[in-house]
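Read the structure below first, then the notes.
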Amino acid sequence: METSNGSFRTDFILLGFSDQPQLESIISVVVFIFYIVTLVGNTTIILVSYLDTQLHTPMYFFLSNLSFLDLCYTTSIIPQMLANIWGPKKSITYGGCVLQFFFALDLGATECLLLAVMAYDRYAAVCQPLHYTAIMHPELCQKLVLTSWFGGLGSALILCSLTMKLPRYGHREVDNFFCEMPALIKMACVYSKVIEIVVFTLGVIFLLVPLSLILISYGVIIRAVMTIKLAARWKKILNTCGSNLTVVTLFYGTLIYMYMKPQNSTSREQGKFFTLFYTVITPSLNPLIYTLRNKDVKSAVKRILQIKKNIQQSHE
């Protein structure tokens, strides 16, 4: 059935890497492995943070939200991607495409804000240790997380409504492995200056501003840490900051490249590979970088397993 804007509400074709069948098979296996790591790592963080009372702190409250975000974000994209690669069809319904597009935007924008909140939390913990509990009190933590979630929701509603109204006149092929805004805009038959302005404005708010705040926070942290006399202590903190900044750079850098450059300047294949970084790779790295190497989490896991063991022995 044809809509008023000349677009057909039929199935879309997700091209993915179909023009490179051999590469597509390799990518699908790698993506599947990363997805399993994402599921296991982030689920572990959520469960351990909830079950162990010693982890009921602002840092792990934010990390639990980040893990939940990454679980939802990857699940909105990867299962459909793998089904299209391994199955006989590469199609997605119009409704499915809209939902995938909306949730990917919503969750991605929320993560951009939440990472900045987490950087501020680390700044307060390292640079203001005596006032940390007063600064990061529970009410403020909840407000910061809600602001991140509602901010992502608002941006997704704006961009999704503007993009899906563009006339496509029967164009059905989405040149990506999921329904993402740059690929959907390229399907349109007209150039929209309004969308370009809105995307750039939201890009500044959700990408450039959070990234700047993160870099400033870590810059202040590194400067403060360098004054610590215990070499082992500051080397450990610097290693952690370096790992965090690596993931942040991958996440924001690839997003900025995809969303803030003129759409015509991004090559097809290059854009798809950049998309893999923020949809597949960084969500799997977040648990490894932020939490699972942490001694507090390892100790919490041991405590939970010991409690479980004691309960089982008591029932025997």
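The way I read the labels, and the way they are meant: chains A, B, ... in the order of the structure tokens, residue 1 as the first residue of every chain, and ligand 1 as the first ligand shown, with later ones counted on from there.
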Show me a table, sorted first by chain and then by increasing residue number, of the residues of stretch 23-127 of chain A having an atom at most 8 Å from stretch 295-311 of chain A, each with its shortest atom pair and the distance in Å to one decimal, counting only C-alpha atoms and written as a tab-separated table.
```
residue	atom	partner	partner_atom	distance
A:Val48	CA	A:Val301	CA	6.5
A:Leu51	CA	A:Ile304	CA	7.6
A:Asp52	CA	A:Ala300	CA	6.1
A:Gln54	CA	A:Ala300	CA	7.8
A:Leu55	CA	A:Asp296	CA	7.8
```
I need the chosen residues saved as a PDB file, in the first residue's frame, with N, CA and C atoms.
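This went into again_29.pdb:
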```pdb
ATOM      1  N   VAL A  48      25.562  -9.487  39.502  1.00  0.00           N
ATOM      2  CA  VAL A  48      26.498  -9.319  40.617  1.00  0.00           C
ATOM      3  C   VAL A  48      26.256  -7.988  41.327  1.00  0.00           C
ATOM      4  N   LEU A  51      23.040  -8.483  43.410  1.00  0.00           N
ATOM      5  CA  LEU A  51      23.061  -9.467  44.486  1.00  0.00           C
ATOM      6  C   LEU A  51      24.032  -9.116  45.605  1.00  0.00           C
ATOM      7  N   ASP A  52      25.130  -8.447  45.294  1.00  0.00           N
ATOM      8  CA  ASP A  52      26.125  -8.130  46.310  1.00  0.00           C
ATOM      9  C   ASP A  52      25.911  -6.713  46.842  1.00  0.00           C
ATOM     10  N   GLN A  54      27.686  -4.934  48.745  1.00  0.00           N
ATOM     11  CA  GLN A  54      28.879  -4.088  48.767  1.00  0.00           C
ATOM     12  C   GLN A  54      29.079  -3.336  47.454  1.00  0.00           C
ATOM     13  N   LEU A  55      28.369  -3.753  46.426  1.00  0.00           N
ATOM     14  CA  LEU A  55      28.455  -3.085  45.124  1.00  0.00           C
ATOM     15  C   LEU A  55      27.289  -2.128  44.895  1.00  0.00           C
TER      16      LEU A  55
END
```
Please identify the helix (DSSP H, G or I) residues within stretch 4-37 of chain A (assignment by DSSP from backbone atoms) and present them as a list in words.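 After running DSSP on the backbone, stretch 4-37 of chain A has helix (DSSP H, G or I) at Pro21, Gln22, Leu23, Glu24, Ser25, Ile26, Ile27, Ser28, Val29, Val30, Val31, Phe32, Ile33, Phe34, Tyr35, Ile36 and Val37 of chain A.
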Could you write those residues out with C-alpha atoms, as a compact mmCIF listing (two decimals), in the first residue's frame?
```txt
# COMPACT_ATOMS: atom_id res chain seq x y z
CA PRO A 21 29.72 -13.45 0.48
CA GLN A 22 33.02 -14.88 1.77
CA LEU A 23 33.64 -11.88 4.00
CA GLU A 24 30.02 -11.95 5.15
CA SER A 25 30.42 -15.48 6.53
CA ILE A 26 33.52 -14.51 8.50
CA ILE A 27 31.86 -11.36 9.83
CA SER A 28 28.81 -13.31 10.96
CA VAL A 29 30.93 -15.71 13.06
CA VAL A 30 32.91 -12.86 14.61
CA VAL A 31 29.71 -10.91 15.35
CA PHE A 32 28.12 -14.01 16.94
CA ILE A 33 31.14 -14.47 19.25
CA PHE A 34 31.10 -10.81 20.25
CA TYR A 35 27.35 -11.02 20.89
CA ILE A 36 27.77 -14.01 23.23
CA VAL A 37 30.53 -12.15 25.10
```
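With distances restricted to only C-alpha atoms, A:Ser243 is the closest residue to A:Pro287 from A:Leu213, A:Lys261, A:Asp175, A:Ser243.
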How close does each residue of stretch 171-284 of chain A get to stretch 147-154 of chain A, giving the shortest atom pair and distance in Å to one decimal for every residue with an atom at most 12 Å away, counting only C-alpha atoms, sorted by chain and residue number, as a Markdown table?
```
| residue | atom | partner | partner_atom | distance |
| --- | --- | --- | --- | --- |
| A:Leu202 | CA | A:Gly152 | CA | 10.2 |
| A:Gly203 | CA | A:Gly152 | CA | 11.8 |
| A:Ile205 | CA | A:Gly151 | CA | 9.9 |
| A:Phe206 | CA | A:Gly152 | CA | 8.5 |
| A:Leu207 | CA | A:Gly152 | CA | 11.7 |
| A:Pro210 | CA | A:Ser148 | CA | 11.1 |
```
Save out the residues we just selected, all heavy atoms, as an mmCIF file, in the first residue's frame.
```cif
data_model
loop_
_atom_site.group_PDB
_atom_site.id
_atom_site.type_symbol
_atom_site.label_atom_id
_atom_site.label_comp_id
_atom_site.auth_asym_id
_atom_site.auth_seq_id
_atom_site.Cartn_x
_atom_site.Cartn_y
_atom_site.Cartn_z
ATOM 1 N N LEU A 202 21.927 17.731 17.109
ATOM 2 C CA LEU A 202 21.880 16.633 18.080
ATOM 3 C C LEU A 202 23.244 15.958 18.198
ATOM 4 O O LEU A 202 23.599 15.456 19.274
ATOM 5 C CB LEU A 202 20.820 15.612 17.671
ATOM 6 C CG LEU A 202 19.364 16.091 17.779
ATOM 7 C CD1 LEU A 202 18.405 15.022 17.280
ATOM 8 C CD2 LEU A 202 19.021 16.464 19.216
ATOM 9 N N GLY A 203 24.005 15.948 17.105
ATOM 10 C CA GLY A 203 25.352 15.389 17.161
ATOM 11 C C GLY A 203 26.245 16.167 18.108
ATOM 12 O O GLY A 203 27.048 15.588 18.849
ATOM 13 N N ILE A 205 25.139 17.898 20.700
ATOM 14 C CA ILE A 205 24.616 17.676 22.062
ATOM 15 C C ILE A 205 24.965 16.285 22.585
ATOM 16 O O ILE A 205 25.361 16.127 23.749
ATOM 17 C CB ILE A 205 23.086 17.880 22.085
ATOM 18 C CG1 ILE A 205 22.744 19.337 21.739
ATOM 19 C CG2 ILE A 205 22.509 17.506 23.457
ATOM 20 C CD1 ILE A 205 21.262 19.581 21.528
ATOM 21 N N PHE A 206 24.822 15.264 21.735
ATOM 22 C CA PHE A 206 24.955 13.880 22.197
ATOM 23 C C PHE A 206 26.328 13.268 21.917
ATOM 24 O O PHE A 206 26.638 12.214 22.478
ATOM 25 C CB PHE A 206 23.881 13.004 21.552
ATOM 26 C CG PHE A 206 22.517 13.217 22.116
ATOM 27 C CD1 PHE A 206 21.683 14.196 21.605
ATOM 28 C CD2 PHE A 206 22.054 12.456 23.178
ATOM 29 C CE1 PHE A 206 20.417 14.409 22.128
ATOM 30 C CE2 PHE A 206 20.794 12.658 23.714
ATOM 31 C CZ PHE A 206 19.971 13.640 23.194
ATOM 32 N N LEU A 207 27.135 13.903 21.081
ATOM 33 C CA LEU A 207 28.449 13.346 20.761
ATOM 34 C C LEU A 207 29.595 14.262 21.191
ATOM 35 O O LEU A 207 30.430 13.877 22.006
ATOM 36 C CB LEU A 207 28.549 13.053 19.264
ATOM 37 C CG LEU A 207 27.629 11.943 18.733
ATOM 38 C CD1 LEU A 207 27.705 11.868 17.219
ATOM 39 C CD2 LEU A 207 27.995 10.603 19.350
ATOM 40 N N PRO A 210 29.343 15.437 25.243
ATOM 41 C CA PRO A 210 29.731 14.363 26.170
ATOM 42 C C PRO A 210 31.192 13.942 26.026
ATOM 43 O O PRO A 210 31.878 13.722 27.019
ATOM 44 C CB PRO A 210 28.792 13.209 25.793
ATOM 45 C CG PRO A 210 27.616 13.861 25.189
ATOM 46 C CD PRO A 210 28.150 15.048 24.459
#
```
Fewer than 5 positions away in the same chain doesn't count, so skip those; otherwise give me all residues within 9 Å of stretch 269-280 of chain A, counting only C-alpha atoms, as a count of residues only. 23
Skipping near chain neighbours, those fewer than 6 positions away, what residues fall within 12 Å of stretch 130-135 of chain A using only C-alpha atoms, listed as a tab-separated table (two decimals) with C-alpha atoms, in the first residue's frame?
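Below is the file around39.tsv, written as the result:
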```
chain	number	residue	atom	x	y	z
A	57	THR	CA	27.43	2.22	45.01
A	58	PRO	CA	27.01	4.98	42.40
A	59	MET	CA	29.69	3.49	40.13
A	120	TYR	CA	31.95	12.64	36.07
A	121	ASP	CA	31.41	9.96	38.72
A	122	ARG	CA	35.04	8.81	38.36
A	123	TYR	CA	36.20	12.44	38.56
A	124	ALA	CA	34.28	12.93	41.82
A	141	CYS	CA	22.47	9.45	40.53
```
Separation of atom CA of A:Ile13 and atom CA of A:His171, in Å?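 We find that atom CA of A:Ile13 and atom CA of A:His171 lie 9.5 Å from each other.
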Give the answer as one residue: which of A:Thr93, A:Thr110, A:Thr43, A:Thr249 has the shortest atom-to-atom distance to A:Leu144, using only C-alpha atoms?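 Checking each of A:Thr93, A:Thr110, A:Thr43, A:Thr249 against A:Leu144, counting only C-alpha atoms, the winner is A:Thr110.
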